[in-house]
>>> print(open('structure.cif').read())   # mmCIF, C-alpha atoms
data_model
#
loop_
_atom_site.label_atom_id
_atom_site.label_comp_id
_atom_site.auth_asym_id
_atom_site.auth_seq_id
_atom_site.Cartn_x
_atom_site.Cartn_y
_atom_site.Cartn_z
CA MET A 684 -6.39 17.05 10.57
CA GLY A 685 -6.02 19.50 7.65
CA GLY A 686 -4.77 22.86 8.89
CA GLN A 687 -4.17 21.88 12.54
CA SER A 688 -1.15 23.46 14.17
CA GLY A 689 1.43 22.07 16.51
CA PHE A 690 2.64 18.89 14.83
CA GLY A 691 6.12 20.26 14.18
CA PRO A 692 8.24 19.61 11.13
CA VAL A 693 7.41 16.92 8.59
CA PRO A 694 9.54 13.81 9.28
CA VAL A 695 10.94 14.04 5.75
CA THR A 696 13.54 11.31 6.21
CA GLU A 697 11.04 8.78 7.62
CA ASP A 698 10.73 6.44 4.72
CA SER A 699 11.25 2.93 5.96
CA GLY A 700 9.23 1.16 3.31
CA ALA A 701 5.72 -0.10 3.84
CA PHE A 702 6.13 -1.62 7.32
CA HIS A 703 8.33 -1.06 10.35
CA ALA A 704 7.56 -4.44 11.88
CA ASP A 705 5.97 -7.76 11.07
CA TRP A 706 2.83 -7.02 13.11
CA GLU A 707 2.10 -4.02 10.87
CA ALA A 708 2.11 -6.32 7.84
CA ARG A 709 -0.25 -8.72 9.67
CA VAL A 710 -2.67 -5.86 10.39
CA PHE A 711 -2.54 -4.82 6.74
CA ALA A 712 -3.32 -8.39 5.65
CA LEU A 713 -6.17 -8.76 8.16
CA ASN A 714 -7.82 -5.61 6.87
CA ALA A 715 -7.41 -6.71 3.26
CA VAL A 716 -8.97 -10.13 3.88
CA LEU A 717 -11.84 -8.83 6.05
CA ARG A 718 -12.72 -6.26 3.42
CA LYS A 719 -12.48 -8.81 0.62
CA ARG A 720 -14.76 -11.14 2.57
CA GLY A 721 -17.25 -8.26 2.84
CA LEU A 722 -17.20 -7.99 6.64
CA TYR A 723 -16.94 -4.22 6.20
CA ASN A 724 -16.21 -1.64 3.51
CA VAL A 725 -13.55 1.05 3.38
CA ASP A 726 -15.89 3.78 4.64
CA GLU A 727 -16.91 1.69 7.66
CA PHE A 728 -13.20 1.19 8.32
CA ARG A 729 -12.47 4.94 8.09
CA ASP A 730 -15.50 5.62 10.29
CA ALA A 731 -14.19 3.17 12.90
CA ILE A 732 -10.77 4.81 12.91
CA GLU A 733 -12.41 8.18 13.41
CA ARG A 734 -14.27 6.77 16.42
CA ILE A 735 -10.99 6.15 18.27
CA PRO A 736 -10.97 8.64 21.18
CA PRO A 737 -8.87 11.67 20.09
CA GLY A 738 -6.24 11.20 22.79
CA GLU A 739 -5.64 7.60 21.76
CA TYR A 740 -5.84 8.49 18.07
CA LEU A 741 -3.07 11.06 18.37
CA ALA A 742 -0.90 8.82 20.54
CA ALA A 743 -1.17 5.84 18.18
CA SER A 744 0.99 5.01 15.20
CA TYR A 745 -0.53 4.58 11.74
CA PHE A 746 -0.98 0.79 11.95
CA GLU A 747 -1.98 0.93 15.62
CA ARG A 748 -4.94 3.01 14.41
CA TRP A 749 -5.69 0.34 11.80
CA LEU A 750 -5.55 -2.30 14.54
CA MET A 751 -7.96 -0.33 16.73
CA GLY A 752 -10.25 0.24 13.74
CA ILE A 753 -10.48 -3.51 13.06
CA GLU A 754 -11.10 -4.23 16.76
CA ILE A 755 -13.91 -1.66 16.84
CA LEU A 756 -15.58 -3.17 13.76
CA LEU A 757 -15.32 -6.74 15.09
CA ALA A 758 -16.95 -5.57 18.33
CA ASP A 759 -19.68 -3.74 16.34
CA LYS A 760 -20.45 -6.88 14.40
CA GLY A 761 -20.49 -9.05 17.48
CA ILE A 762 -17.51 -11.17 16.60
CA ALA A 763 -15.93 -12.38 19.79
CA MET B 316 10.07 -5.26 4.53
CA THR B 317 8.59 -7.67 7.08
CA GLY B 318 10.08 -9.56 9.95
CA THR B 319 11.97 -6.58 11.32
CA ALA B 320 10.39 -6.94 14.75
CA GLY B 321 12.93 -9.63 15.62
CA HIS B 322 12.42 -11.84 18.65
CA GLU B 323 11.53 -9.01 21.03
CA GLU B 324 7.80 -9.39 21.70
CA LEU B 325 5.99 -6.08 21.68
CA PRO B 326 2.65 -5.84 23.46
CA VAL B 327 1.09 -4.60 20.23
CA ALA B 328 2.41 -7.62 18.34
CA ALA B 329 0.75 -9.91 20.88
CA ARG B 330 -2.48 -7.96 20.48
CA VAL B 331 -2.33 -8.41 16.71
CA ARG B 332 -1.77 -12.13 17.11
CA ARG B 333 -4.79 -12.41 19.38
CA LEU B 334 -6.88 -10.52 16.85
CA GLU B 335 -5.66 -12.78 14.07
CA GLU B 336 -6.57 -15.86 16.11
CA ARG B 337 -10.07 -14.52 16.77
CA VAL B 338 -10.62 -13.75 13.10
CA ILE B 339 -9.43 -17.18 12.01
CA ALA B 340 -11.50 -18.91 14.72
CA ALA B 341 -14.59 -17.00 13.53
CA GLY B 342 -13.98 -18.34 10.02
CA LEU B 343 -13.42 -14.86 8.58
CA ALA B 344 -9.93 -15.53 7.26
CA THR B 345 -7.50 -18.37 6.86
CA ASP B 346 -3.74 -18.41 7.34
CA ASP B 347 -3.39 -19.02 3.61
CA GLU B 348 -5.47 -15.99 2.69
CA LEU B 349 -3.46 -13.76 5.00
CA ASP B 350 -0.16 -15.07 3.65
CA GLU B 351 -1.41 -14.63 0.10
CA VAL B 352 -2.14 -10.94 0.69
CA LEU B 353 1.39 -10.38 1.91
CA ALA B 354 2.96 -12.43 -0.85
CA GLY B 355 1.20 -10.45 -3.55
CA LEU B 356 1.60 -7.15 -1.76
CA PHE B 357 3.18 -4.39 -3.77
CA ALA B 358 4.40 -6.96 -6.31
CA ASP B 359 3.88 -4.57 -9.19
CA ALA B 360 3.56 -1.32 -7.26
CA SER B 361 6.56 0.95 -7.68
CA PRO B 362 7.45 4.58 -8.38
CA VAL B 363 9.21 3.24 -11.48
CA ASN B 364 5.70 3.00 -12.98
CA GLY B 365 4.91 6.65 -12.34
CA ALA B 366 8.35 7.62 -13.64
CA ARG B 367 7.73 5.75 -16.91
CA ILE B 368 4.49 7.65 -17.42
CA VAL B 369 6.25 10.96 -16.83
CA ALA B 370 9.13 10.16 -19.18
CA ARG B 371 6.68 9.26 -21.94
CA ALA B 372 4.81 12.52 -21.37
CA TRP B 373 8.08 14.44 -21.65
CA THR B 374 8.97 12.86 -24.97
CA ASP B 375 5.56 12.53 -26.60
CA PRO B 376 3.40 15.69 -26.60
CA ALA B 377 0.33 13.84 -27.89
CA PHE B 378 0.64 11.32 -25.04
CA ARG B 379 0.99 14.22 -22.61
CA GLU B 380 -2.32 15.65 -23.83
CA ARG B 381 -4.05 12.29 -23.49
CA LEU B 382 -2.52 11.79 -20.03
CA LEU B 383 -3.81 15.12 -18.76
CA ALA B 384 -7.24 14.46 -20.27
CA ASP B 385 -7.70 10.87 -19.01
CA GLY B 386 -5.04 9.45 -16.70
CA ASN B 387 -6.46 5.93 -16.58
CA ALA B 388 -6.62 5.54 -20.37
CA ALA B 389 -3.12 6.95 -20.88
CA ALA B 390 -1.64 4.75 -18.13
CA ALA B 391 -3.29 1.75 -19.81
CA GLU B 392 -1.43 2.57 -23.03
CA LEU B 393 1.79 1.83 -21.13
CA GLY B 394 0.37 -1.38 -19.72
CA PHE B 395 -0.70 -0.07 -16.30
CA ALA B 396 -4.22 -1.19 -15.48
CA VAL B 397 -5.13 1.47 -12.95
CA SER B 398 -8.43 0.34 -11.48
CA GLY B 399 -10.41 1.23 -8.40
CA TYR B 400 -9.78 4.91 -8.71
CA ARG B 401 -9.79 7.76 -11.21
CA LEU B 402 -6.26 8.89 -12.08
CA ARG B 403 -5.88 12.63 -12.52
CA VAL B 404 -2.46 13.90 -13.60
CA VAL B 405 -1.64 17.51 -12.76
CA ALA B 406 1.22 19.18 -14.63
CA ASN B 407 3.73 21.60 -13.18
CA THR B 408 4.70 24.58 -15.32
CA THR B 409 7.29 27.31 -14.88
CA GLN B 410 4.57 29.33 -13.09
CA SER B 411 2.81 26.64 -11.10
CA HIS B 412 3.68 23.75 -8.81
CA ASN B 413 1.39 20.95 -7.62
CA LEU B 414 1.50 19.23 -4.24
CA LEU B 415 -0.51 16.16 -3.18
CA VAL B 416 -1.89 15.26 0.23
CA CYS B 417 -4.74 13.35 1.85
CA THR B 418 -5.77 15.25 4.98
CA LEU B 419 -8.52 12.77 5.94
CA CYS B 420 -6.44 9.59 5.87
CA SER B 421 -3.58 8.72 3.53
CA CYS B 422 -5.04 8.12 0.06
CA TYR B 423 -2.30 7.57 -2.46
CA PRO B 424 -1.90 5.94 -5.92
CA VAL B 425 0.00 2.92 -4.59
CA SER B 426 0.18 1.03 -7.89
CA LEU B 427 2.03 3.89 -9.58
CA LEU B 428 4.11 5.12 -6.64
CA GLY B 429 4.70 2.04 -4.49
CA PRO B 430 3.88 1.96 -0.77
CA SER B 431 3.50 5.47 0.63
CA PRO B 432 6.36 6.89 2.70
CA SER B 433 5.86 7.36 6.44
CA TRP B 434 6.05 11.14 6.16
CA TYR B 435 3.07 11.16 3.78
CA LYS B 436 0.99 9.52 6.53
CA SER B 437 2.36 11.76 9.31
CA PHE B 438 0.10 14.19 11.16
CA ALA B 439 2.53 17.01 10.38
CA TYR B 440 2.29 16.51 6.61
CA ARG B 441 -1.48 15.92 6.63
CA ALA B 442 -2.06 19.02 8.75
CA ARG B 443 0.37 21.44 7.16
CA ALA B 444 0.47 20.72 3.41
CA VAL B 445 -2.86 22.50 2.88
CA ARG B 446 -2.02 25.43 5.14
CA GLU B 447 1.63 26.27 4.55
CA PRO B 448 2.87 24.35 1.53
CA ARG B 449 5.90 26.60 1.05
CA ALA B 450 7.13 25.89 4.56
CA VAL B 451 6.52 22.16 4.04
CA LEU B 452 8.37 22.22 0.73
CA SER B 453 11.33 24.00 2.30
CA GLU B 454 11.61 21.13 4.78
CA PHE B 455 12.08 18.88 1.76
CA GLY B 456 14.75 21.28 0.48
CA VAL B 457 12.47 22.65 -2.24
CA ARG B 458 12.52 26.42 -2.64
CA LEU B 459 10.30 27.67 -5.44
CA PRO B 460 10.67 31.15 -6.93
CA GLU B 461 8.28 33.68 -5.31
CA GLY B 462 6.02 33.99 -8.34
CA VAL B 463 5.29 30.28 -8.64
CA GLU B 464 1.72 29.52 -7.59
CA ILE B 465 1.22 26.37 -5.58
CA SER B 466 -1.84 24.17 -6.10
CA VAL B 467 -2.45 21.69 -3.31
CA TRP B 468 -4.69 18.70 -4.09
CA ASP B 469 -6.40 17.07 -1.11
CA ALA B 470 -7.46 13.60 -2.30
CA SER B 471 -10.68 13.41 -0.29
CA ALA B 472 -12.70 11.18 -2.65
CA GLU B 473 -11.90 8.48 -5.21
CA THR B 474 -9.59 10.42 -7.48
CA ARG B 475 -5.88 9.78 -7.04
CA TYR B 476 -3.52 12.47 -8.23
CA LEU B 477 -0.08 12.25 -9.79
CA VAL B 478 2.21 15.21 -10.44
CA LEU B 479 3.81 15.61 -13.86
CA PRO B 480 7.03 17.50 -13.03
CA ASN B 481 8.79 19.86 -15.42
CA ARG B 482 11.41 18.18 -17.56
CA PRO B 483 14.79 19.20 -16.14
CA ALA B 484 17.05 21.43 -18.21
CA GLY B 485 19.94 19.67 -19.90
CA THR B 486 18.05 16.44 -20.60
CA GLU B 487 17.29 17.21 -24.23
CA GLY B 488 19.39 14.39 -25.63
CA LEU B 489 18.19 11.69 -23.30
CA ALA B 490 16.09 8.70 -24.32
CA GLU B 491 12.85 7.89 -22.56
CA ASP B 492 14.29 5.19 -20.27
CA GLU B 493 17.14 7.48 -19.24
CA LEU B 494 14.68 10.26 -18.52
CA ALA B 495 12.59 7.93 -16.35
CA ARG B 496 15.60 7.44 -14.07
CA HIS B 497 15.60 11.17 -13.32
CA VAL B 498 12.09 11.06 -11.88
CA THR B 499 11.77 10.54 -8.13
CA ARG B 500 8.82 9.37 -6.10
CA ASN B 501 8.77 12.70 -4.27
CA GLY B 502 8.69 14.46 -7.63
CA LEU B 503 5.49 12.55 -8.42
CA ILE B 504 3.95 13.77 -5.12
CA GLY B 505 5.24 17.31 -5.49
CA THR B 506 7.70 17.34 -2.58
CA ALA B 507 10.58 17.44 -5.08
CA THR B 508 10.79 19.36 -8.34
CA VAL B 509 11.52 16.22 -10.36
CA MET C 1206 -24.85 16.97 -12.38
CA ARG C 1207 -25.90 20.12 -10.62
CA PHE C 1208 -22.78 22.32 -10.84
CA THR C 1209 -20.69 23.20 -13.86
CA PRO C 1210 -17.02 24.18 -13.97
CA GLY C 1211 -16.56 27.80 -12.91
CA ALA C 1212 -19.58 27.75 -10.57
CA LYS C 1213 -19.12 29.24 -7.12
CA VAL C 1214 -20.20 26.82 -4.43
CA ARG C 1215 -20.18 26.80 -0.66
CA ALA C 1216 -19.16 23.72 1.30
CA ARG C 1217 -21.99 23.06 3.71
CA VAL C 1218 -21.48 23.15 7.44
CA LEU C 1219 -22.13 19.51 8.26
CA ASP C 1220 -20.88 17.79 11.37
CA PRO C 1221 -22.55 14.40 11.67
CA ASP C 1222 -21.48 11.83 14.26
CA HIS C 1223 -20.42 9.43 11.49
CA HIS C 1224 -17.76 9.44 8.81
CA ILE C 1225 -18.00 12.21 6.23
CA ARG C 1226 -15.41 13.07 3.60
CA LEU C 1227 -15.82 16.81 3.99
CA PRO C 1228 -12.63 18.16 5.56
CA ARG C 1229 -13.36 20.52 8.47
CA TYR C 1230 -11.19 23.26 7.06
CA VAL C 1231 -13.49 23.83 4.05
CA ARG C 1232 -16.85 23.72 5.89
CA GLY C 1233 -18.70 26.98 5.24
CA GLN C 1234 -16.09 28.15 2.73
CA VAL C 1235 -16.74 29.27 -0.83
CA GLY C 1236 -14.79 27.70 -3.66
CA GLU C 1237 -14.94 27.26 -7.42
CA VAL C 1238 -15.88 24.06 -9.21
CA ILE C 1239 -12.93 22.94 -11.35
CA GLU C 1240 -14.45 19.80 -12.79
CA ALA C 1241 -16.94 17.03 -12.26
CA GLU C 1242 -15.14 13.76 -11.55
CA GLY C 1243 -17.97 11.31 -12.20
CA GLU C 1244 -20.28 9.62 -9.73
CA GLY C 1245 -19.56 7.74 -6.56
CA PRO C 1246 -21.45 6.20 -3.64
CA LEU C 1247 -21.82 8.59 -0.72
CA PRO C 1248 -19.29 7.59 1.98
CA ASP C 1249 -21.65 8.72 4.74
CA ASP C 1250 -24.15 6.06 3.66
CA ARG C 1251 -21.54 3.37 3.10
CA ALA C 1252 -19.97 4.06 6.50
CA ARG C 1253 -23.35 3.38 8.14
CA GLY C 1254 -24.08 0.31 6.05
CA LEU C 1255 -27.10 1.95 4.36
CA MET C 1256 -27.97 -0.07 1.29
CA PRO C 1257 -28.00 0.98 -1.41
CA PRO C 1258 -25.96 4.11 -0.73
CA ARG C 1259 -26.90 7.34 -2.47
CA VAL C 1260 -24.83 7.89 -5.60
CA GLU C 1261 -23.77 11.45 -6.33
CA THR C 1262 -21.51 13.43 -8.61
CA VAL C 1263 -18.16 14.29 -7.06
CA TYR C 1264 -16.62 17.68 -7.86
CA ALA C 1265 -13.11 19.05 -7.60
CA VAL C 1266 -13.60 22.36 -5.80
CA ARG C 1267 -10.81 24.91 -5.51
CA PHE C 1268 -10.47 27.14 -2.45
CA ARG C 1269 -8.11 30.09 -1.97
CA ALA C 1270 -5.70 29.83 0.95
CA ALA C 1271 -6.34 33.44 1.94
CA GLU C 1272 -9.99 32.55 2.53
CA LEU C 1273 -9.29 29.29 4.34
CA TRP C 1274 -6.49 30.54 6.57
CA GLY C 1275 -6.47 34.31 6.29
CA THR C 1276 -3.06 34.09 4.71
CA GLY C 1277 -1.26 32.43 1.82
CA THR C 1278 -1.32 32.71 -1.97
CA HIS C 1279 -1.82 29.04 -2.82
CA SER C 1280 -5.01 27.18 -3.63
CA VAL C 1281 -6.35 23.95 -2.19
CA THR C 1282 -8.51 21.68 -4.34
CA VAL C 1283 -10.77 19.23 -2.50
CA ASP C 1284 -12.94 16.44 -3.97
CA LEU C 1285 -16.48 16.80 -2.63
CA TRP C 1286 -19.75 14.90 -3.09
CA GLU C 1287 -22.65 16.95 -4.43
CA SER C 1288 -24.67 16.97 -1.18
CA TYR C 1289 -21.69 18.56 0.59
CA LEU C 1290 -22.14 21.62 -1.61
CA GLU C 1291 -24.69 24.40 -2.01
CA GLU C 1292 -25.11 27.14 -4.57
CA VAL C 1293 -23.78 30.57 -3.84
CA PRO C 1294 -26.47 33.05 -4.94
#
>>> encode(input="structure.cif", output="structure tokens")
Amino acid sequence: MGGQSGFGPVPVTEDSGAFHADWEARVFALNAVLRKRGLYNVDEFRDAIERIPPGEYLAASYFERWLMGIEILLADKGIA
Amino acid sequence: MTGTAGHEELPVAARVRRLEERVIAAGLATDDELDEVLAGLFADASPVNGARIVARAWTDPAFRERLLADGNAAAAELGFAVSGYRLRVVANTTQSHNLLVCTLCSCYPVSLLGPSPSWYKSFAYRARAVREPRAVLSEFGVRLPEGVEISVWDASAETRYLVLPNRPAGTEGLAEDELARHVTRNGLIGTATV
Amino acid sequence: MRFTPGAKVRARVLDPDHHIRLPRYVRGQVGEVIEAEGEGPLPDDRARGLMPPRVETVYAVRFRAAELWGTGTHSVTVDLWESYLEEVP
């Protein structure tokens, strides 16, 4: 991401607090609990997010990427 | 902060609920655990904490030295137990300005700055802060004199950075708590001068 | 600790198919070690569940914008694990 062109101006006024919607908070909590339980570590989580296909990655919002990352890890670990 | 989705059901919200149900059914989390995370979330995390550290550094030169040498130990002196990362404080001068970013994800010292703003996590900020910091700063309304050198810090490992802004002119008579009110969250990231 | 402050180092050109905390824009670039930050587990190993992960010194390495982008007077400091770096003869 560092140095890539074409993203336009920084959305400097976008500062809505931690979450835009309740589902974002639920995703945050799921990640926190799954990591605390030791299902995966932060680097596995970052790795999973980086495995999202680039088109989807760029189209997704911040917490949509988190959601996809958790889904990828659950699939990896065979959790239905 | 939460509950802003209202009664309109978004497809993504339904997807999250399904995921939550799967996780709970697999015994990997309970409703209580999930609620607990959200209840405790950001309870003590606020830019007021970072501002207090800065105000102390402005009024106490010995503290400033300790802060720049070992951020965690100095923060602990003020009662902030910064754990899980190494805190490195970088000081602006009249000739230099510091700007923080995480190009790989969105690493950020949440306990001292509160939840990170959306712009910090945006592709535009992550992409451009390292390449054209002056242009990025101008979008925040910050125009530094030509001779000021900009140091960008890309938090790519387990150090979290905090900017120590210059003390504004005309604040000589102010007490520490009054000074702390001058410090903004953006000033602690480097997208404001104070 | 292999590098001392002031040492010139080159960020290796590594492009594995797993997570690595070596930003693309510094790969192959020469920078200067600012400080050693202590040791940390290698994210590449942790991302793949390799136990125990290798533990390495992490360095703050400063790069000049003009070298990274061909333009600019600023510097960019990046935190890099030791195996991401090689000596510049």
>>> interface_residues(input="structure.cif", of="chain B", to="chain A", cutoff="8 Å", atoms="all atoms listed in the file", output="ChimeraX atom specification")
/B:316-320,327-328,331-332,334-335,337,341,343-344,348-350,352-353,418-420,430-434,436-446,451,454-455
>>> resolve_selection(input="structure.cif", expression="the PyMOL selection byres ((chain B and resi 393-410) around 10)", output="VMD selection string")
(chain B and resid 359 364 to 365 367 to 369 371 379 382 to 392 411 to 415 424 to 427 459 to 466 468 472 to 482 503 505 508 to 509) or (chain C and resid 1242 to 1243)
>>> resolve_selection(input="structure.cif", expression="the PyMOL selection byres ((chain C) within 6 of (chain B))", output="PyMOL selection string")
chain C and resi 1279-1284
>>> residues_around(input="structure.cif", residues="Val1266 of chain C", least_positions_apart="6", cutoff="10 Å", atoms="only C-alpha atoms", output="list in words")
Trp468 of chain B; Pro1210, Gly1211, Ala1212, Lys1213, Val1214, Arg1215, Ala1216, Val1231, Val1235, Gly1236, Glu1237, Val1238, Ile1239, Glu1240, Ala1241, Val1281, Thr1282, Val1283, Asp1284, Leu1285 and Leu1290 of chain C
>>> closest_residue(input="structure.cif", among="A:Asp726, A:Phe746, A:Arg734, A:Ile755", to="chain C", atoms="only C-alpha atoms")
A:Asp726
>>> interface_residues(input="structure.cif", of="chain C", to="chain A", cutoff="9 Å", atoms="all atoms listed in the file", output="mmCIF file with C-alpha atoms, keeping the file's coordinate frame")
data_model
loop_
_atom_site.group_PDB
_atom_site.id
_atom_site.type_symbol
_atom_site.label_atom_id
_atom_site.label_comp_id
_atom_site.auth_asym_id
_atom_site.auth_seq_id
_atom_site.Cartn_x
_atom_site.Cartn_y
_atom_site.Cartn_z
ATOM 1 C CA HIS C 1223 -20.420 9.430 11.490
ATOM 2 C CA HIS C 1224 -17.760 9.440 8.810
ATOM 3 C CA ILE C 1225 -18.000 12.210 6.230
ATOM 4 C CA PRO C 1228 -12.630 18.160 5.560
ATOM 5 C CA ARG C 1229 -13.360 20.520 8.470
ATOM 6 C CA TYR C 1230 -11.190 23.260 7.060
ATOM 7 C CA PRO C 1248 -19.290 7.590 1.980
ATOM 8 C CA ASP C 1249 -21.650 8.720 4.740
ATOM 9 C CA ASP C 1250 -24.150 6.060 3.660
ATOM 10 C CA ARG C 1251 -21.540 3.370 3.100
ATOM 11 C CA ALA C 1252 -19.970 4.060 6.500
ATOM 12 C CA ARG C 1253 -23.350 3.380 8.140
ATOM 13 C CA GLY C 1254 -24.080 0.310 6.050
ATOM 14 C CA TRP C 1274 -6.490 30.540 6.570
#
>>> axis_aligned_box(input="structure.cif", around="segment 326-330 of chain B", padding_each_side="8 Å", output="JSON")
{"center_x": 0.1, "center_y": -7.3, "center_z": 20.9, "size_x": 21.1, "size_y": 21.3, "size_z": 21.1}
>>> residues_around(input="structure.cif", residues="Glu1244 of chain C", least_positions_apart="3", cutoff="7 Å", atoms="only C-alpha atoms", output="number ranges by chain")
C: 1260-1263
>>> atom_distance(input="structure.cif", atom1="atom CA of Phe1208 of chain C", atom2="atom CA of Gly1245 of chain C")
15.5 Å
>>> atom_distance(input="structure.cif", atom1="atom CA of Glu351 of chain B", atom2="atom CA of Tyr423 of chain B")
22.4 Å
>>> atom_distance(input="structure.cif", atom1="atom CA of Glu1291 of chain C", atom2="atom CA of Ser421 of chain B")
26.9 Å
>>> build_atoms(input="structure.cif", residues="segment 694-710 of chain A", atoms="N, CA, C and O atoms", output="mmCIF file, in the frame of the given file")
data_model
loop_
_atom_site.group_PDB
_atom_site.id
_atom_site.type_symbol
_atom_site.label_atom_id
_atom_site.label_comp_id
_atom_site.auth_asym_id
_atom_site.auth_seq_id
_atom_site.Cartn_x
_atom_site.Cartn_y
_atom_site.Cartn_z
ATOM 1 N N PRO A 694 8.400 14.747 9.152
ATOM 2 C CA PRO A 694 9.540 13.810 9.280
ATOM 3 C C PRO A 694 10.009 13.351 7.901
ATOM 4 O O PRO A 694 9.798 12.209 7.509
ATOM 5 N N VAL A 695 10.669 14.261 7.184
ATOM 6 C CA VAL A 695 10.940 14.040 5.750
ATOM 7 C C VAL A 695 11.837 12.837 5.482
ATOM 8 O O VAL A 695 11.813 12.279 4.386
ATOM 9 N N THR A 696 12.628 12.443 6.464
ATOM 10 C CA THR A 696 13.540 11.310 6.210
ATOM 11 C C THR A 696 12.915 9.984 6.632
ATOM 12 O O THR A 696 13.518 8.933 6.459
ATOM 13 N N GLU A 697 11.695 10.028 7.210
ATOM 14 C CA GLU A 697 11.040 8.780 7.620
ATOM 15 C C GLU A 697 10.441 8.095 6.405
ATOM 16 O O GLU A 697 9.414 8.495 5.884
ATOM 17 N N ASP A 698 11.142 7.102 5.945
ATOM 18 C CA ASP A 698 10.730 6.440 4.720
ATOM 19 C C ASP A 698 11.235 5.012 4.755
ATOM 20 O O ASP A 698 12.122 4.624 4.012
ATOM 21 N N SER A 699 10.683 4.238 5.681
ATOM 22 C CA SER A 699 11.250 2.930 5.960
ATOM 23 C C SER A 699 10.602 1.823 5.131
ATOM 24 O O SER A 699 10.693 0.665 5.484
ATOM 25 N N GLY A 700 9.956 2.191 4.046
ATOM 26 C CA GLY A 700 9.230 1.160 3.310
ATOM 27 C C GLY A 700 7.837 1.027 3.897
ATOM 28 O O GLY A 700 7.413 1.839 4.718
ATOM 29 N N ALA A 701 7.126 0.000 3.478
ATOM 30 C CA ALA A 701 5.720 -0.100 3.840
ATOM 31 C C ALA A 701 5.526 -0.353 5.337
ATOM 32 O O ALA A 701 4.621 0.205 5.944
ATOM 33 N N PHE A 702 6.363 -1.195 5.932
ATOM 34 C CA PHE A 702 6.130 -1.620 7.320
ATOM 35 C C PHE A 702 7.393 -1.491 8.153
ATOM 36 O O PHE A 702 8.493 -1.742 7.684
ATOM 37 N N HIS A 703 7.199 -1.123 9.420
ATOM 38 C CA HIS A 703 8.330 -1.060 10.350
ATOM 39 C C HIS A 703 8.527 -2.389 11.057
ATOM 40 O O HIS A 703 9.561 -2.627 11.649
ATOM 41 N N ALA A 704 7.491 -3.208 11.099
ATOM 42 C CA ALA A 704 7.560 -4.440 11.880
ATOM 43 C C ALA A 704 6.569 -5.440 11.284
ATOM 44 O O ALA A 704 5.638 -5.069 10.573
ATOM 45 N N ASP A 705 6.801 -6.697 11.617
ATOM 46 C CA ASP A 705 5.970 -7.760 11.070
ATOM 47 C C ASP A 705 4.495 -7.588 11.451
ATOM 48 O O ASP A 705 3.606 -7.834 10.643
ATOM 49 N N TRP A 706 4.243 -7.140 12.685
ATOM 50 C CA TRP A 706 2.830 -7.020 13.110
ATOM 51 C C TRP A 706 2.084 -6.011 12.239
ATOM 52 O O TRP A 706 0.887 -6.160 12.003
ATOM 53 N N GLU A 707 2.773 -4.999 11.735
ATOM 54 C CA GLU A 707 2.100 -4.020 10.870
ATOM 55 C C GLU A 707 1.634 -4.701 9.576
ATOM 56 O O GLU A 707 0.534 -4.439 9.073
ATOM 57 N N ALA A 708 2.486 -5.578 9.046
ATOM 58 C CA ALA A 708 2.110 -6.320 7.840
ATOM 59 C C ALA A 708 0.913 -7.229 8.110
ATOM 60 O O ALA A 708 0.013 -7.374 7.281
ATOM 61 N N ARG A 709 0.874 -7.829 9.317
ATOM 62 C CA ARG A 709 -0.250 -8.720 9.670
ATOM 63 C C ARG A 709 -1.558 -7.914 9.758
ATOM 64 O O ARG A 709 -2.609 -8.386 9.334
ATOM 65 N N VAL A 710 -1.475 -6.709 10.297
ATOM 66 C CA VAL A 710 -2.670 -5.860 10.390
ATOM 67 C C VAL A 710 -3.147 -5.494 8.983
ATOM 68 O O VAL A 710 -4.349 -5.545 8.674
#
